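Asker: Can you keep this structure in mind? I'll have questions shortly.
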Amino acid sequence: MSQNRKIRVLVVAFNDLGIGGIQTLILALIRQLKDEISMDSVVFTDKPAYFDEEFQTYGRIFRCPNYEGNNTFKRKIDYYIRYFRIKNNIYKIIKENGPYDVVHSHTFFEAAPCMAAAKKSGVPIRIAHSHNTAVKIEKITPKYLIQEIYRRIYRRIIVKNATHFIGCSQAAADYLFGKGIGRPIYNSLNVEKFSPSLYPSEEHTELRLIHVGNFVQQKNHLFLLDIFKAILAKRQDVHLTLIGRKESCFGLVLKKIKDEGLEKHITILPNDSNVAEAMSKADFFVFPSLFEGFGNVMLEAQAMGLKCFASTEVPEDTNCGLAKYIPLKAGADVWADAILKEASVGTEKHPADMSCFTERHFAEQFLNIYKGE
């Protein structure tokens with residue numbers, strides 16, 4: 001590789017370049033490394049997304065849309081046969097627009113066709129990047145068995161074709177690649193944005209809770225509402241702010257808020273809200289996820305000085321000293337009591353040291369990989 005040219009990277013995004021943890025990391029990489037690398041992106045939708053315009057100031061966006069219609073049968077068929085379509089599309093993109101030095105895939109198990117295409121087309125550095133784990137299964141169903149066969153096949157393809165196996169946590173790496181194969185590179189945080197000094201303190205007497213996460217099953221909003229209801233049973237001056245994209249569980253969440261009469265105690269903000277500002281007005285962050293690969297918002301909350309209450313399914317890699325982990329099976333009342341007990345001690349904020357999670361530190365670790373070091 002000539003030292004006089006930039007390293008050429010093809011990043012395969014998770015669905016799109018909309019607001020989300022993975023997309024934020026992709027943008028952090030190109031912003032930090034724009035002088036050392038050039039980056040193009042593959043997305044799997046025709047719909048415009050939040051970061052598209054900015055990303056196109058750095059490189060091109062190639063679109064390979066998955067089926068996005070309302071036909072459930074077609075959606076399921078597309079899910080199980082898209083391997084060959086993705087592989088062929090990635091191979092074609094590389095051949096027509098390369099050569100690329102690196103293919104960096106953020107597509108979880110669908111890194112399999114991406115890595116296979118990259119190896120076939122002679123890309124020397126092929127990175128599969130895992131950002132999640134999986135919910136624990138209490139009952140084995142036929143659907144689960146079919147999905148498990150699919151996952152095992154894809155896992156073997158990834159291990160056979162990738163050159164680097166990275167997880168946002170060790171748990172995320174172990175889940176996608178198998179134990180002992182991958183290593184973690186922890187997610188980054190925009191420490192300049194998540195700085196309490198940017199937002200003046202606001203006096204208030206009510207207890208303010210906040211949760212940030214798209215309205216999907218993984219984030220466990222319905223249980224969060226159970227916790228909040230249990231808190232309200234013991235203290236009325238409490239408010240909950242929810243920030244996230246309106247996805248599959250949003251209707252169920254709205255219905256439960258209405259059915260439980262919680263409307264006046266809850267504010268729902270869009271996913272493009274200023275999360276740092278919203279956190280600056282809160283006292284505690286509550287994060288009862290069913291599973292998490294890392295949980296980047298835990299870093300954001302602690303950077304803003306918020307004490308965090310997270311499920312034991314959230315990796316403790318995110319604990320910067322302000323996190324308390326509670327099992328989901330302990331129940332909503334136990335969560336509520338823990339939050340109220342902490343509130344009785346006080347809600348004074350002491351921001352955590354985030355020096356190990358800067359975007360530059362994150363980017364430099366990947367630059368070393370991109371260079372083949």
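By order in the structure tokens, chains are A, B, ...; within a chain, residues start at 1; ligands start at 1, following the order shown.
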I'd like a table as JSON lines: residues in region 188-270 of chain A with an atom no more than 8 Å from region 281-303 of chain A, each row giving the shortest atom pair and its distance in Å to one decimal, only C-alpha atoms counted, sorted by chain and rising residue number.
Answerer:
{"residue": "A:Ser188", "atom": "CA", "partner": "A:Asn296", "partner_atom": "CA", "distance": 7.8}
{"residue": "A:Leu189", "atom": "CA", "partner": "A:Glu300", "partner_atom": "CA", "distance": 6.9}
{"residue": "A:Val191", "atom": "CA", "partner": "A:Ala303", "partner_atom": "CA", "distance": 7.5}
{"residue": "A:Phe194", "atom": "CA", "partner": "A:Ala303", "partner_atom": "CA", "distance": 6.1}
{"residue": "A:Ser195", "atom": "CA", "partner": "A:Ala303", "partner_atom": "CA", "distance": 6.6}
{"residue": "A:Pro196", "atom": "CA", "partner": "A:Ala303", "partner_atom": "CA", "distance": 7.7}
{"residue": "A:Ser201", "atom": "CA", "partner": "A:Lys281", "partner_atom": "CA", "distance": 7.5}
{"residue": "A:Glu202", "atom": "CA", "partner": "A:Lys281", "partner_atom": "CA", "distance": 6.6}
{"residue": "A:Leu207", "atom": "CA", "partner": "A:Asp283", "partner_atom": "CA", "distance": 6.6}
{"residue": "A:Arg208", "atom": "CA", "partner": "A:Ala282", "partner_atom": "CA", "distance": 4.9}
{"residue": "A:Leu209", "atom": "CA", "partner": "A:Phe284", "partner_atom": "CA", "distance": 5.0}
{"residue": "A:Ile210", "atom": "CA", "partner": "A:Phe285", "partner_atom": "CA", "distance": 5.0}
{"residue": "A:His211", "atom": "CA", "partner": "A:Val286", "partner_atom": "CA", "distance": 5.5}
{"residue": "A:Val212", "atom": "CA", "partner": "A:Val297", "partner_atom": "CA", "distance": 6.9}
{"residue": "A:Gln217", "atom": "CA", "partner": "A:Leu290", "partner_atom": "CA", "distance": 7.8}
{"residue": "A:Gln218", "atom": "CA", "partner": "A:Leu290", "partner_atom": "CA", "distance": 5.2}
{"residue": "A:Lys219", "atom": "CA", "partner": "A:Ser289", "partner_atom": "CA", "distance": 4.5}
{"residue": "A:Asn220", "atom": "CA", "partner": "A:Ser289", "partner_atom": "CA", "distance": 5.4}
{"residue": "A:His221", "atom": "CA", "partner": "A:Pro288", "partner_atom": "CA", "distance": 7.9}
{"residue": "A:Phe223", "atom": "CA", "partner": "A:Pro288", "partner_atom": "CA", "distance": 7.5}
{"residue": "A:Leu224", "atom": "CA", "partner": "A:Pro288", "partner_atom": "CA", "distance": 6.6}
Asker: So that I can see what lies close to Asn214 (chain A), please list as an MDAnalysis selection string the residues with an atom at most 9 Å from it, counting only C-alpha atoms and leaving out residues fewer than 5 positions away in the same chain.
Answerer: chainID A and resid 20 219 243:247 249:250 271
Asker: Pick the closest to Ala278 (chain A) from A:Leu252, A:Ile153, A:Leu242, A:Ala332: which is it, counting only C-alpha atoms?
Answerer: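 Residue with the minimum atom-to-atom distance to Ala278 (chain A): A:Leu242.
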Asker: Per DSSP on the backbone, what are the helix (DSSP H, G or I) residues of region 96-142 of chain A, as a PyMOL selection string?
Answerer: chain A and resi 96-97+108-120+142
Asker: Those residues you just picked out, can you put them in a file as a PDB file, in the first residue's frame with N, CA and C atoms?
Answerer:
ATOM      1  N   GLU A  96     -16.534  -2.900  -9.103  1.00  0.00           N
ATOM      2  CA  GLU A  96     -16.790  -1.730  -9.942  1.00  0.00           C
ATOM      3  C   GLU A  96     -16.224  -0.442  -9.361  1.00  0.00           C
ATOM      4  N   ASN A  97     -15.999  -0.396  -8.045  1.00  0.00           N
ATOM      5  CA  ASN A  97     -15.588   0.849  -7.410  1.00  0.00           C
ATOM      6  C   ASN A  97     -14.285   0.739  -6.634  1.00  0.00           C
ATOM      7  N   PHE A 108     -23.880  -7.621  11.835  1.00  0.00           N
ATOM      8  CA  PHE A 108     -24.150  -8.742  12.734  1.00  0.00           C
ATOM      9  C   PHE A 108     -23.990 -10.059  11.977  1.00  0.00           C
ATOM     10  N   PHE A 109     -24.945 -10.965  11.992  1.00  0.00           N
ATOM     11  CA  PHE A 109     -24.761 -12.245  11.309  1.00  0.00           C
ATOM     12  C   PHE A 109     -24.672 -12.079   9.797  1.00  0.00           C
ATOM     13  N   GLU A 110     -25.239 -11.023   9.271  1.00  0.00           N
ATOM     14  CA  GLU A 110     -25.157 -10.803   7.824  1.00  0.00           C
ATOM     15  C   GLU A 110     -23.806 -10.246   7.406  1.00  0.00           C
ATOM     16  N   ALA A 111     -22.856 -10.214   8.334  1.00  0.00           N
ATOM     17  CA  ALA A 111     -21.466 -10.012   7.949  1.00  0.00           C
ATOM     18  C   ALA A 111     -20.985 -11.196   7.117  1.00  0.00           C
ATOM     19  N   ALA A 112     -21.666 -12.340   7.225  1.00  0.00           N
ATOM     20  CA  ALA A 112     -21.253 -13.546   6.482  1.00  0.00           C
ATOM     21  C   ALA A 112     -21.166 -13.299   4.977  1.00  0.00           C
ATOM     22  N   PRO A 113     -22.236 -12.859   4.306  1.00  0.00           N
ATOM     23  CA  PRO A 113     -22.102 -12.613   2.865  1.00  0.00           C
ATOM     24  C   PRO A 113     -21.140 -11.466   2.554  1.00  0.00           C
ATOM     25  N   CYS A 114     -21.044 -10.492   3.434  1.00  0.00           N
ATOM     26  CA  CYS A 114     -20.129  -9.374   3.207  1.00  0.00           C
ATOM     27  C   CYS A 114     -18.674  -9.840   3.245  1.00  0.00           C
ATOM     28  N   MET A 115     -18.337 -10.657   4.238  1.00  0.00           N
ATOM     29  CA  MET A 115     -16.975 -11.165   4.353  1.00  0.00           C
ATOM     30  C   MET A 115     -16.636 -12.126   3.208  1.00  0.00           C
ATOM     31  N   ALA A 116     -17.613 -12.946   2.823  1.00  0.00           N
ATOM     32  CA  ALA A 116     -17.385 -13.872   1.713  1.00  0.00           C
ATOM     33  C   ALA A 116     -17.120 -13.110   0.417  1.00  0.00           C
ATOM     34  N   ALA A 117     -17.910 -12.053   0.165  1.00  0.00           N
ATOM     35  CA  ALA A 117     -17.719 -11.244  -1.039  1.00  0.00           C
ATOM     36  C   ALA A 117     -16.379 -10.520  -1.013  1.00  0.00           C
ATOM     37  N   ALA A 118     -16.008 -10.007   0.164  1.00  0.00           N
ATOM     38  CA  ALA A 118     -14.746  -9.282   0.283  1.00  0.00           C
ATOM     39  C   ALA A 118     -13.552 -10.199   0.039  1.00  0.00           C
ATOM     40  N   LYS A 119     -13.612 -11.410   0.562  1.00  0.00           N
ATOM     41  CA  LYS A 119     -12.516 -12.354   0.347  1.00  0.00           C
ATOM     42  C   LYS A 119     -12.440 -12.773  -1.114  1.00  0.00           C
ATOM     43  N   LYS A 120     -13.585 -13.039  -1.713  1.00  0.00           N
ATOM     44  CA  LYS A 120     -13.633 -13.438  -3.126  1.00  0.00           C
ATOM     45  C   LYS A 120     -13.046 -12.364  -4.028  1.00  0.00           C
ATOM     46  N   PRO A 142     -39.825 -24.140  17.454  1.00  0.00           N
ATOM     47  CA  PRO A 142     -39.366 -24.441  16.084  1.00  0.00           C
ATOM     48  C   PRO A 142     -38.737 -23.232  15.408  1.00  0.00           C
TER      49      PRO A 142
END
Asker: At a cut-off of 6 Å, using only C-alpha atoms, what residues contact region 155-170 of chain A? Leave out same-chain residues fewer than 5 positions from it and give the result as a PyMOL selection string.
Answerer: chain A and resi 112+115-116+126-131+177+182-187+294
Asker: At what distance in Å, to one decimal, does CA of Gly251 (chain A) lie from CA of Lys229 (chain A)?
Answerer: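 It comes out at 18.4 Å.
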Asker: Could you jot down the CA of Ala134 (chain A) to CA of Tyr175 (chain A) separation for me, Å, one decimal place?
Answerer: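 Atom-to-atom, CA of Ala134 (chain A) to CA of Tyr175 (chain A), that is 7.8 Å.
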Asker: With distances taken over only C-alpha atoms, which residue among A:Gln147, A:Thr267, A:Ser38, A:Thr133 lies nearest Arg8 (chain A)?
Answerer: A:Ser38
Asker: Hey, which of A:Asn190, A:Cys64, A:Glu36, A:Leu367 ends up closest to Asn88 (chain A)? Count only C-alpha atoms.
Answerer: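 The closest residue to Asn88 (chain A) is A:Cys64.
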